[in-house]
>>> print(open('model-v6.cif').read())   # mmCIF, C-alpha atoms
data_upload
#
loop_
_atom_site.label_atom_id
_atom_site.label_comp_id
_atom_site.auth_asym_id
_atom_site.auth_seq_id
_atom_site.Cartn_x
_atom_site.Cartn_y
_atom_site.Cartn_z
CA MET A 1 55.85 3.98 55.12
CA ASN A 2 53.79 1.41 57.00
CA ARG A 3 50.96 3.99 57.31
CA ILE A 4 50.94 4.51 53.51
CA ILE A 5 50.80 0.77 52.90
CA ALA A 6 47.90 0.48 55.37
CA VAL A 7 45.99 3.22 53.57
CA PHE A 8 46.46 1.46 50.21
CA ILE A 9 45.25 -1.81 51.72
CA ALA A 10 42.18 -0.09 53.18
CA LEU A 11 41.37 1.55 49.84
CA ALA A 12 41.77 -1.78 48.05
CA MET A 13 39.36 -3.42 50.49
CA MET A 14 36.82 -0.63 49.96
CA LEU A 15 37.07 -0.97 46.19
CA THR A 16 36.55 -4.71 46.54
CA VAL A 17 33.43 -4.14 48.62
CA PHE A 18 32.01 -1.63 46.14
CA ALA A 19 32.75 -3.92 43.19
CA PHE A 20 30.95 -6.73 44.96
CA ALA A 21 28.00 -4.43 45.60
CA ASP A 22 27.83 -3.50 41.90
CA GLU A 23 28.01 -7.14 40.91
CA SER A 24 25.36 -8.24 43.47
CA GLU A 25 22.56 -7.60 41.04
CA LEU A 26 20.64 -9.79 38.65
CA THR A 27 19.04 -8.38 35.51
CA VAL A 28 16.43 -10.42 33.64
CA LYS A 29 14.14 -9.82 30.69
CA GLY A 30 10.56 -11.01 30.29
CA THR A 31 8.13 -11.07 27.38
CA GLY A 32 4.36 -11.34 27.28
CA THR A 33 2.17 -11.67 24.19
CA VAL A 34 -1.61 -11.48 23.87
CA SER A 35 -3.63 -12.10 20.71
CA MET A 36 -6.69 -10.04 19.87
CA ALA A 37 -9.06 -9.50 16.96
CA ALA A 38 -8.77 -6.46 14.71
CA ASP A 39 -11.77 -4.19 14.30
CA ILE A 40 -10.36 -1.54 11.93
CA ALA A 41 -8.76 -1.96 8.51
CA THR A 42 -7.06 0.52 6.21
CA ILE A 43 -6.63 -0.01 2.48
CA THR A 44 -4.08 1.99 0.49
CA ILE A 45 -5.18 1.79 -3.13
CA GLY A 46 -4.68 4.03 -6.11
CA VAL A 47 -4.05 4.80 -9.74
CA GLN A 48 -0.85 5.11 -11.75
CA ASN A 49 -0.62 6.10 -15.40
CA ILE A 50 2.08 7.01 -17.92
CA GLU A 51 1.21 9.43 -20.70
CA THR A 52 3.31 11.38 -23.18
CA ASP A 53 1.81 14.66 -21.98
CA VAL A 54 1.95 15.72 -18.32
CA ALA A 55 -1.51 17.30 -18.36
CA THR A 56 -3.01 14.14 -19.83
CA ALA A 57 -1.30 11.94 -17.24
CA GLN A 58 -2.68 14.09 -14.46
CA ALA A 59 -6.16 14.27 -15.98
CA VAL A 60 -6.42 10.49 -16.49
CA THR A 61 -5.29 9.83 -12.93
CA ASN A 62 -7.63 12.42 -11.44
CA GLU A 63 -10.58 11.01 -13.39
CA ALA A 64 -9.92 7.52 -12.04
CA ILE A 65 -9.51 8.81 -8.46
CA ASN A 66 -12.79 10.71 -8.66
CA SER A 67 -14.48 7.59 -9.99
CA MET A 68 -13.04 5.57 -7.09
CA LEU A 69 -14.22 8.15 -4.55
CA THR A 70 -17.75 8.05 -5.96
CA ALA A 71 -17.86 4.25 -6.00
CA LEU A 72 -16.50 3.89 -2.46
CA THR A 73 -18.88 6.45 -0.95
CA GLU A 74 -21.81 4.84 -2.76
CA ALA A 75 -20.70 1.55 -1.20
CA GLY A 76 -21.16 3.10 2.24
CA VAL A 77 -17.68 4.40 3.10
CA ALA A 78 -17.90 7.77 4.84
CA GLU A 79 -15.99 10.62 3.19
CA SER A 80 -14.22 11.21 6.52
CA ASP A 81 -12.79 7.68 6.23
CA ILE A 82 -11.11 8.40 2.86
CA ALA A 83 -7.93 10.45 2.62
CA THR A 84 -5.19 11.06 0.07
CA GLY A 85 -2.22 8.82 0.79
CA SER A 86 0.31 10.11 -1.74
CA ILE A 87 0.28 12.04 -5.00
CA TYR A 88 3.09 12.70 -7.45
CA ILE A 89 3.98 13.32 -11.09
CA TYR A 90 7.44 12.83 -12.53
CA ALA A 91 9.11 12.49 -15.90
CA GLU A 92 10.06 9.12 -17.42
CA TYR A 93 13.40 9.14 -19.25
CA ASP A 94 14.90 7.06 -22.04
CA TYR A 95 18.61 6.41 -21.43
CA SER A 96 19.20 4.17 -24.44
CA GLU A 97 20.90 6.96 -26.41
CA ALA A 98 23.84 9.18 -25.53
CA VAL A 99 21.55 11.97 -24.38
CA GLU A 100 18.65 11.28 -22.05
CA ARG A 101 15.24 12.30 -23.27
CA ILE A 102 11.80 12.49 -21.70
CA VAL A 103 9.46 9.86 -23.11
CA GLY A 104 6.46 10.46 -20.88
CA TYR A 105 5.11 11.41 -17.48
CA ARG A 106 4.06 9.11 -14.67
CA ALA A 107 1.19 10.35 -12.50
CA SER A 108 0.14 8.54 -9.34
CA ASN A 109 -2.48 9.13 -6.67
CA THR A 110 -3.43 6.86 -3.77
CA LEU A 111 -6.31 6.81 -1.34
CA VAL A 112 -6.24 5.49 2.21
CA VAL A 113 -9.63 3.97 2.96
CA ARG A 114 -10.59 3.11 6.52
CA THR A 115 -13.37 0.70 7.42
CA ARG A 116 -14.69 -0.73 10.66
CA ASP A 117 -16.32 -3.60 8.80
CA ILE A 118 -13.44 -6.07 8.49
CA THR A 119 -15.49 -8.40 6.29
CA SER A 120 -15.90 -5.66 3.64
CA VAL A 121 -12.19 -5.20 2.86
CA GLY A 122 -12.08 -7.56 -0.13
CA ASN A 123 -15.27 -6.10 -1.56
CA LEU A 124 -13.98 -2.52 -1.23
CA ILE A 125 -10.81 -3.49 -3.09
CA ASP A 126 -12.88 -4.97 -5.92
CA ILE A 127 -15.09 -1.86 -6.05
CA ALA A 128 -12.04 0.40 -6.30
CA PHE A 129 -10.47 -1.70 -9.06
CA ALA A 130 -13.74 -1.72 -11.00
CA ALA A 131 -13.82 2.07 -10.72
CA GLY A 132 -10.34 2.53 -12.15
CA ALA A 133 -7.73 1.60 -9.51
CA ASN A 134 -4.70 -0.30 -10.76
CA THR A 135 -2.40 -0.36 -7.71
CA LEU A 136 -2.87 -1.83 -4.24
CA GLU A 137 -0.09 -0.79 -1.89
CA ASP A 138 -1.17 -2.03 1.51
CA VAL A 139 -3.88 -3.51 3.69
CA SER A 140 -3.38 -3.10 7.44
CA PHE A 141 -5.43 -4.16 10.43
CA TYR A 142 -5.69 -2.42 13.80
CA ALA A 143 -7.54 -2.50 17.09
CA SER A 144 -9.48 0.55 18.22
CA ASP A 145 -8.92 -0.30 21.90
CA ALA A 146 -5.96 -2.43 22.92
CA SER A 147 -5.77 -1.26 26.55
CA GLU A 148 -7.00 -4.52 28.09
CA ALA A 149 -4.73 -6.67 25.90
CA SER A 150 -1.76 -4.37 26.59
CA GLU A 151 -2.33 -4.63 30.33
CA GLN A 152 -2.50 -8.42 30.20
CA ALA A 153 0.61 -8.60 28.01
CA LEU A 154 2.47 -6.47 30.54
CA ARG A 155 1.35 -8.69 33.41
CA ASN A 156 2.52 -11.72 31.45
CA ALA A 157 5.89 -10.08 30.78
CA VAL A 158 6.43 -9.28 34.47
CA ALA A 159 5.48 -12.83 35.46
CA ASP A 160 7.89 -14.18 32.85
CA ALA A 161 10.73 -12.01 34.13
CA MET A 162 10.08 -12.97 37.76
CA ASN A 163 10.01 -16.65 36.85
CA ARG A 164 13.30 -16.31 34.95
CA ALA A 165 14.86 -14.50 37.90
CA ALA A 166 13.80 -17.26 40.29
CA ILE A 167 15.23 -19.97 38.01
CA VAL A 168 18.55 -18.15 37.51
CA ALA A 169 18.93 -17.37 41.22
CA ASP A 170 18.19 -20.97 42.19
CA ALA A 171 20.68 -22.31 39.65
CA ALA A 172 23.35 -19.85 40.80
CA GLY A 173 22.77 -20.57 44.48
CA VAL A 174 21.89 -17.00 45.45
CA SER A 175 18.84 -15.39 47.02
CA LEU A 176 16.72 -12.72 45.37
CA GLY A 177 16.30 -9.44 47.20
CA SER A 178 14.33 -6.32 46.38
CA ILE A 179 13.53 -5.24 42.84
CA LEU A 180 15.74 -2.28 42.06
CA THR A 181 14.48 -1.21 38.63
CA ILE A 182 11.78 -2.14 36.12
CA GLU A 183 11.69 -0.94 32.53
CA GLU A 184 8.82 -1.76 30.21
CA SER A 185 7.70 -1.29 26.62
CA ILE A 186 4.56 -2.34 24.74
CA SER A 187 4.21 -2.73 20.98
CA THR A 188 1.32 -1.17 19.08
CA PRO A 189 -0.91 -3.96 17.75
CA SER A 190 -1.10 -3.93 13.97
CA ASP A 191 -0.95 -6.48 11.20
CA SER A 192 0.29 -4.91 7.98
CA ASN A 193 -0.87 -6.86 4.90
CA GLY A 194 -2.55 -9.50 7.09
CA ARG A 195 -3.49 -12.52 4.98
CA MET A 196 -4.18 -11.28 1.47
CA PHE A 197 -4.82 -13.16 -1.75
CA ALA A 198 -5.59 -12.19 -5.39
CA MET A 199 -4.39 -8.61 -4.91
CA ALA A 200 -3.61 -7.74 -8.52
CA ALA A 201 -6.14 -5.83 -10.57
CA GLU A 202 -6.21 -8.58 -13.18
CA ALA A 203 -6.95 -11.19 -10.53
CA ALA A 204 -9.72 -9.09 -9.03
CA ALA A 205 -11.27 -8.58 -12.44
CA GLU A 206 -11.03 -12.21 -13.56
CA ASP A 207 -11.85 -13.96 -10.29
CA ALA A 208 -15.61 -14.08 -9.96
CA SER A 209 -15.33 -14.80 -6.24
CA GLY A 210 -13.56 -11.47 -5.67
CA THR A 211 -10.55 -10.51 -3.63
CA VAL A 212 -10.12 -12.53 -0.44
CA VAL A 213 -8.68 -10.84 2.65
CA GLN A 214 -8.34 -12.51 6.03
CA ALA A 215 -7.38 -10.34 8.97
CA GLY A 216 -5.98 -12.97 11.30
CA GLN A 217 -5.05 -12.11 14.89
CA LEU A 218 -3.18 -9.03 16.11
CA GLN A 219 -0.29 -9.53 18.50
CA VAL A 220 0.25 -7.20 21.46
CA THR A 221 3.72 -7.74 22.93
CA ALA A 222 5.13 -6.32 26.15
CA ASN A 223 8.76 -6.47 27.24
CA VAL A 224 10.18 -5.78 30.69
CA THR A 225 13.70 -5.60 32.09
CA MET A 226 13.95 -6.12 35.86
CA THR A 227 16.97 -5.77 38.12
CA TYR A 228 17.08 -7.53 41.52
CA GLU A 229 19.37 -7.33 44.46
CA ILE A 230 20.95 -10.71 45.10
CA SER A 231 22.79 -12.10 48.11
CA GLU A 232 24.39 -15.30 49.26
CA PRO A 233 21.81 -17.68 50.76
CA ARG A 234 21.69 -17.86 54.53
CA GLY A 235 22.70 -21.01 56.27
#
>>> encode(input="model-v6.cif", output="structure tokens")
Amino acid sequence: MNRIIAVFIALAMMLTVFAFADESELTVKGTGTVSMAADIATITIGVQNIETDVATAQAVTNEAINSMLTALTEAGVAESDIATGSIYIYAEYDYSEAVERIVGYRASNTLVVRTRDITSVGNLIDIAFAAGANTLEDVSFYASDASEASEQALRNAVADAMNRAAIVADAAGVSLGSILTIEESISTPSDSNGRMFAMAAEAAAEDASGTVVQAGQLQVTANVTMTYEISEPRG
């Protein structure tokens, strides 16, 4: 009986030791952010029409898209930098009566225009509207090479995590040991919509100064999670 009790006591002590070992860790998170300038912009712009006849709706939309393509390429945009974003045609219904009925067809087509001249974005929007566009879905800004900014953001995140670990350990009265694990992630730098004003077709047509688009700064953010061994301070 005494031997059984001794075994249980020994097992309990082992479990206590292992629990302490599991708990003798400190996990901290760090964040680093670096700002950088965009050097690529994409504009998603298009045409949407409603006609009573499906063929007419499609023809009117296609005519406007072709006009936009011609105007944009004449403005210096390479054909390889223009792609179809979305295209659809669907029926419009009238539900005011007991039985639904088709009252027309909505046709839509959008182009995604890429430019490396950030200062030309507003002008390209105006050119597209003048050529027949009537919808502007998105303007996004990107960086062609964010490797240097990503590296610096990661360094900043690690430094932030290490600083947090040192503060927490000092406040808790424990000593930091080896780093057990490090996990990291980096966001892709983009600024969807940026700073955009006078986006509507009417505004672009009426405002003699044209559409104003300001790219602003892109943010590259890195996050790290670090786990340290910790121990009671000596002395």
>>> closest_residue(input="model-v6.cif", among="A:Ser120, A:Ser67, A:Thr61, A:Ser140", to="A:Ile43", atoms="all atoms listed in the file")
A:Ser140
>>> resolve_selection(input="model-v6.cif", expression="the PyMOL selection byres ((chain A and resi 161) around 12)", output="ChimeraX atom specification")
/A:26-32,154-160,162-168,179,182-184,222-228
>>> closest_residue(input="model-v6.cif", among="A:Val34, A:Ala133, A:Ile40, A:Ile102", to="A:Asn62", atoms="only C-alpha atoms")
A:Ala133
>>> resolve_selection(input="model-v6.cif", expression="the PyMOL selection byres ((chain A and resi 150) around 9)", output="list in words")
Thr33, Val34, Ala146, Ser147, Glu148, Ala149, Glu151, Gln152, Ala153, Leu154, Arg155, Ile186, Ser187, Thr188, Pro189, Val220, Thr221 and Ala222 of chain A
>>> residues_near_point(input="model-v6.cif", point="(-1.0, 1.4, -4.5)", cutoff="6 Å", atoms="all atoms listed in the file", output="list in words")
Thr44, Ile45, Gly46, Thr135, Leu136 and Glu137 of chain A
>>> closest_residue(input="model-v6.cif", among="A:Asn49, A:Ser185, A:Gln214, A:Thr42", to="A:Ala107", atoms="only C-alpha atoms")
A:Asn49
>>> resolve_selection(input="model-v6.cif", expression="the PyMOL selection byres ((chain A and resi 103) around 12)", output="list of chain:residue names")
A:Ile50, A:Glu51, A:Thr52, A:Asp53, A:Val54, A:Tyr90, A:Ala91, A:Glu92, A:Tyr93, A:Asp94, A:Tyr95, A:Ser96, A:Glu100, A:Arg101, A:Ile102, A:Gly104, A:Tyr105, A:Arg106
